[in-house]
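Undergrad: Dropping the structure in here first, questions after.
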Amino acid sequence: MVAPFSEVGWDSSVEDVKNMEGNSPETYDSVYGGTTYSYSKEYLGRMGTIKYMFDDKDMLMNIAWAYGSDSEDELYTLYDEINQSVNDIHGESGYQADSNASNYGNVWYLESGDIILSTMVTADNKALQYAYLNPAVSNTEKQPETN
């Protein structure tokens with residue numbers, strides 16, 4: 001298991017995903033050159049969308065759960081809950097993208113694959129995405145060596 005909102009692992013096939021989530025996904029092009037398979041999925045008591053993104057060789061590269069809300073406060077609360085849970089497991093993030101009030105997030109650079117938690121808040125869109133990246137496509141930063 002890679003992500004807390006899915007039972008699949010990086011070695012899972014498209015068929016494995018369909019067997020777990022269902023045979024009627026929405027599909028569209030993946031940023032990794034293959035196909036994204038998208039399903040409605042509840043996580044932390046909220047109904048969102050889970051996305052399985054494959055490359056052109058049908059290798060799973062990214063698993064993400066996305067959630068949209070009409071309430072900025074609800075989004076902040078959800079962000080804080082997820083952020084704290086990842087911090088509890090992996091320690092503080094190595095990056096923070098809170099350069100302005102409308103977009104903020106964290107990235108955890110891990111050998112097992114990067115974790116990206118991001119939000120976007122505009123007048124028309126209030127959304128959060130919680131993603132786990134395959135180590136093959138992670139931008140894992142090297143940690144300082146200790147002597």
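The chains in the structure tokens are called A, B, ... from first to last as shown; in each chain the residues are counted from 1, and the ligands are counted from 1 in the order shown.
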Could you tell me, as a ChimeraX atom specification, which residues of segment 38-106 of chain A DSSP assigns to alpha helix (DSSP H) when given the backbone?

TA: /A:72-90

Undergrad: Using only C-alpha atoms, which residues sit within 10 Å of Glu7 of chain A once same-chain residues fewer than 4 positions away are excluded, as a list in words?

TA: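 With the cut-off at 10 Å, the set is Met1, Val2, Ala3, Ser12, Asp16, Val17, Met20 and Glu21 of chain A.
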
Undergrad: Store the residues picked out above in a file with N, CA, C and O atoms, as a CSV table (one decimal), in the first residue's frame.

TA:
```csv
chain,number,residue,atom,x,y,z
A,1,MET,N,0.8,-1.2,0.0
A,1,MET,CA,0.0,0.0,0.0
A,1,MET,C,0.9,1.2,0.0
A,1,MET,O,1.8,1.4,0.8
A,2,VAL,N,0.6,2.1,-0.9
A,2,VAL,CA,1.4,3.3,-1.1
A,2,VAL,C,0.8,4.5,-0.4
A,2,VAL,O,1.5,5.2,0.4
A,3,ALA,N,-0.5,4.8,-0.6
A,3,ALA,CA,-1.1,5.9,0.0
A,3,ALA,C,-2.2,5.5,0.9
A,3,ALA,O,-2.8,4.4,0.8
A,12,SER,N,1.2,-2.2,-9.1
A,12,SER,CA,-0.2,-2.5,-9.5
A,12,SER,C,-0.4,-2.2,-11.0
A,12,SER,O,0.1,-1.2,-11.5
A,16,ASP,N,-5.4,-4.3,-11.9
A,16,ASP,CA,-5.5,-4.3,-10.4
A,16,ASP,C,-6.3,-3.1,-9.9
A,16,ASP,O,-7.1,-3.3,-9.0
A,17,VAL,N,-6.1,-1.9,-10.5
A,17,VAL,CA,-6.8,-0.8,-10.2
A,17,VAL,C,-8.3,-1.0,-10.4
A,17,VAL,O,-9.2,-0.7,-9.6
A,20,MET,N,-9.9,-3.2,-8.0
A,20,MET,CA,-10.1,-2.6,-6.7
A,20,MET,C,-11.2,-1.5,-6.7
A,20,MET,O,-12.0,-1.4,-5.8
A,21,GLU,N,-11.2,-0.6,-7.7
A,21,GLU,CA,-12.0,0.6,-7.7
A,21,GLU,C,-13.3,0.4,-8.6
A,21,GLU,O,-14.2,1.2,-8.4
```

Undergrad: Which polymer residues have any atom within 7 Å of an atom of Ile116 of chain A, counting only C-alpha atoms, with same-chain residues fewer than 4 positions away left out, as a PyMOL selection string?

TA: chain A and resi 106-108+130-132

Undergrad: I'd like the neighbourhood of Ile50 of chain A as a list of chain:residue names, where a residue qualifies if any of its atoms comes within 9 Å (using only C-alpha atoms), though same-chain residues fewer than 6 positions away should be ignored.

TA: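 Counting only C-alpha atoms, the residues come to A:Phe5, A:Ser6, A:Tyr37, A:Ser38, A:Tyr39, A:Ser40, A:Lys41, A:Glu42, A:Ile63, A:Ala64, A:Trp65, A:Ala66.
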
Undergrad: May I have the residues within 9 Å of Asn83 of chain A as a list in words, using only C-alpha atoms and disregarding those fewer than 3 positions away in the same chain?

TA: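 In the requested format, the answer is Leu78, Tyr79, Asp80, Val86, Asn87, Asp88, Ser93, Gly105, Asn106 and Leu117 of chain A.
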
Undergrad: Any chance you could list, as a list in words, the residues in segment 18-63 of chain A that come up strand (DSSP E or B) when DSSP is run on the backbone?

TA: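 Residues meeting the strand (DSSP E or B) criterion: Glu26, Thr27, Tyr28, Asp29, Gly33, Gly34, Thr35, Thr36, Tyr37, Ser38, Tyr39, Ser40, Lys41, Glu42, Tyr43, Arg46, Met47, Gly48, Thr49, Ile50, Lys51, Tyr52, Met53, Phe54, Asp55, Leu60, Met61, Asn62 and Ile63 of chain A.
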
Undergrad: Kindly save the residues from that selection, with N, CA and C atoms included, as a short mmCIF file (atom, residue, chain, number, x, y, z; two decimals), in the first residue's frame.

TA:
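Output file result.cif is given in full below:
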```
data_model
loop_
_atom_site.label_atom_id
_atom_site.label_comp_id
_atom_site.auth_asym_id
_atom_site.auth_seq_id
_atom_site.Cartn_x
_atom_site.Cartn_y
_atom_site.Cartn_z
N GLU A 26 -13.60 7.21 -15.09
CA GLU A 26 -13.39 8.25 -16.09
C GLU A 26 -11.94 8.14 -16.49
N THR A 27 -11.63 8.34 -17.77
CA THR A 27 -10.25 8.25 -18.22
C THR A 27 -9.89 9.50 -19.02
N TYR A 28 -8.64 9.87 -18.92
CA TYR A 28 -8.10 10.97 -19.71
C TYR A 28 -6.58 10.82 -19.73
N ASP A 29 -5.93 11.60 -20.57
CA ASP A 29 -4.48 11.50 -20.72
C ASP A 29 -3.78 11.82 -19.41
N GLY A 33 2.27 10.33 -19.85
CA GLY A 33 2.26 9.74 -21.18
C GLY A 33 1.30 8.59 -21.37
N GLY A 34 0.66 8.16 -20.31
CA GLY A 34 -0.31 7.07 -20.42
C GLY A 34 -1.71 7.59 -20.15
N THR A 35 -2.45 6.84 -19.35
CA THR A 35 -3.85 7.16 -19.06
C THR A 35 -4.03 7.36 -17.56
N THR A 36 -4.91 8.30 -17.20
CA THR A 36 -5.35 8.49 -15.82
C THR A 36 -6.72 7.84 -15.68
N TYR A 37 -6.88 7.05 -14.62
CA TYR A 37 -8.15 6.41 -14.28
C TYR A 37 -8.66 7.08 -13.02
N SER A 38 -9.87 7.66 -13.11
CA SER A 38 -10.40 8.49 -12.04
C SER A 38 -11.72 7.91 -11.52
N TYR A 39 -11.87 7.90 -10.18
CA TYR A 39 -13.05 7.35 -9.53
C TYR A 39 -13.48 8.27 -8.38
N SER A 40 -14.77 8.28 -8.09
CA SER A 40 -15.23 8.93 -6.86
C SER A 40 -14.76 8.09 -5.68
N LYS A 41 -14.26 8.76 -4.63
CA LYS A 41 -13.73 8.01 -3.50
C LYS A 41 -13.83 8.85 -2.23
N GLU A 42 -14.32 8.24 -1.17
CA GLU A 42 -14.40 8.91 0.12
C GLU A 42 -13.10 8.74 0.87
N TYR A 43 -12.65 9.81 1.50
CA TYR A 43 -11.46 9.77 2.35
C TYR A 43 -11.68 10.79 3.46
N ARG A 46 -15.02 12.60 3.53
CA ARG A 46 -15.37 13.54 2.45
C ARG A 46 -15.30 12.83 1.11
N MET A 47 -16.28 13.11 0.26
CA MET A 47 -16.30 12.48 -1.06
C MET A 47 -15.47 13.32 -2.03
N GLY A 48 -14.43 12.70 -2.55
CA GLY A 48 -13.55 13.35 -3.51
C GLY A 48 -13.34 12.46 -4.72
N THR A 49 -12.19 12.61 -5.35
CA THR A 49 -11.86 11.85 -6.55
C THR A 49 -10.46 11.28 -6.39
N ILE A 50 -10.33 9.98 -6.64
CA ILE A 50 -9.02 9.36 -6.64
C ILE A 50 -8.58 9.20 -8.08
N LYS A 51 -7.29 9.48 -8.33
CA LYS A 51 -6.74 9.42 -9.68
C LYS A 51 -5.51 8.51 -9.68
N TYR A 52 -5.52 7.56 -10.59
CA TYR A 52 -4.38 6.67 -10.79
C TYR A 52 -3.76 7.05 -12.12
N MET A 53 -2.53 7.55 -12.11
CA MET A 53 -1.89 8.04 -13.33
C MET A 53 -0.79 7.08 -13.77
N PHE A 54 -0.93 6.59 -14.99
CA PHE A 54 0.01 5.62 -15.54
C PHE A 54 0.86 6.26 -16.63
N ASP A 55 2.05 5.66 -16.85
CA ASP A 55 2.91 6.14 -17.94
C ASP A 55 2.58 5.36 -19.22
N LEU A 60 2.27 2.43 -12.93
CA LEU A 60 1.64 3.43 -12.07
C LEU A 60 2.69 4.42 -11.57
N MET A 61 2.47 5.71 -11.84
CA MET A 61 3.43 6.75 -11.49
C MET A 61 2.94 7.68 -10.39
N ASN A 62 1.62 7.80 -10.21
CA ASN A 62 1.09 8.78 -9.26
C ASN A 62 -0.29 8.32 -8.83
N ILE A 63 -0.54 8.41 -7.53
CA ILE A 63 -1.87 8.17 -6.96
C ILE A 63 -2.24 9.44 -6.21
#
```

Undergrad: Distance atom CA of Asn103 of chain A-atom CA of Ala127 of chain A, one decimal place?

TA: 9.7 Å

Undergrad: Pick from A:Ser112, A:Gln84, A:Thr119, A:Asn139: nearest to Glu72 of chain A, with only C-alpha atoms counted?

TA: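 Closest to Glu72 of chain A, using only C-alpha atoms: A:Thr119.
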
Undergrad: As an exercise, work out the distance from atom CA of Gly91 of chain A to atom CA of Gly45 of chain A in Å and give it to one decimal place.

TA: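 These atoms are spaced 24.4 Å apart.
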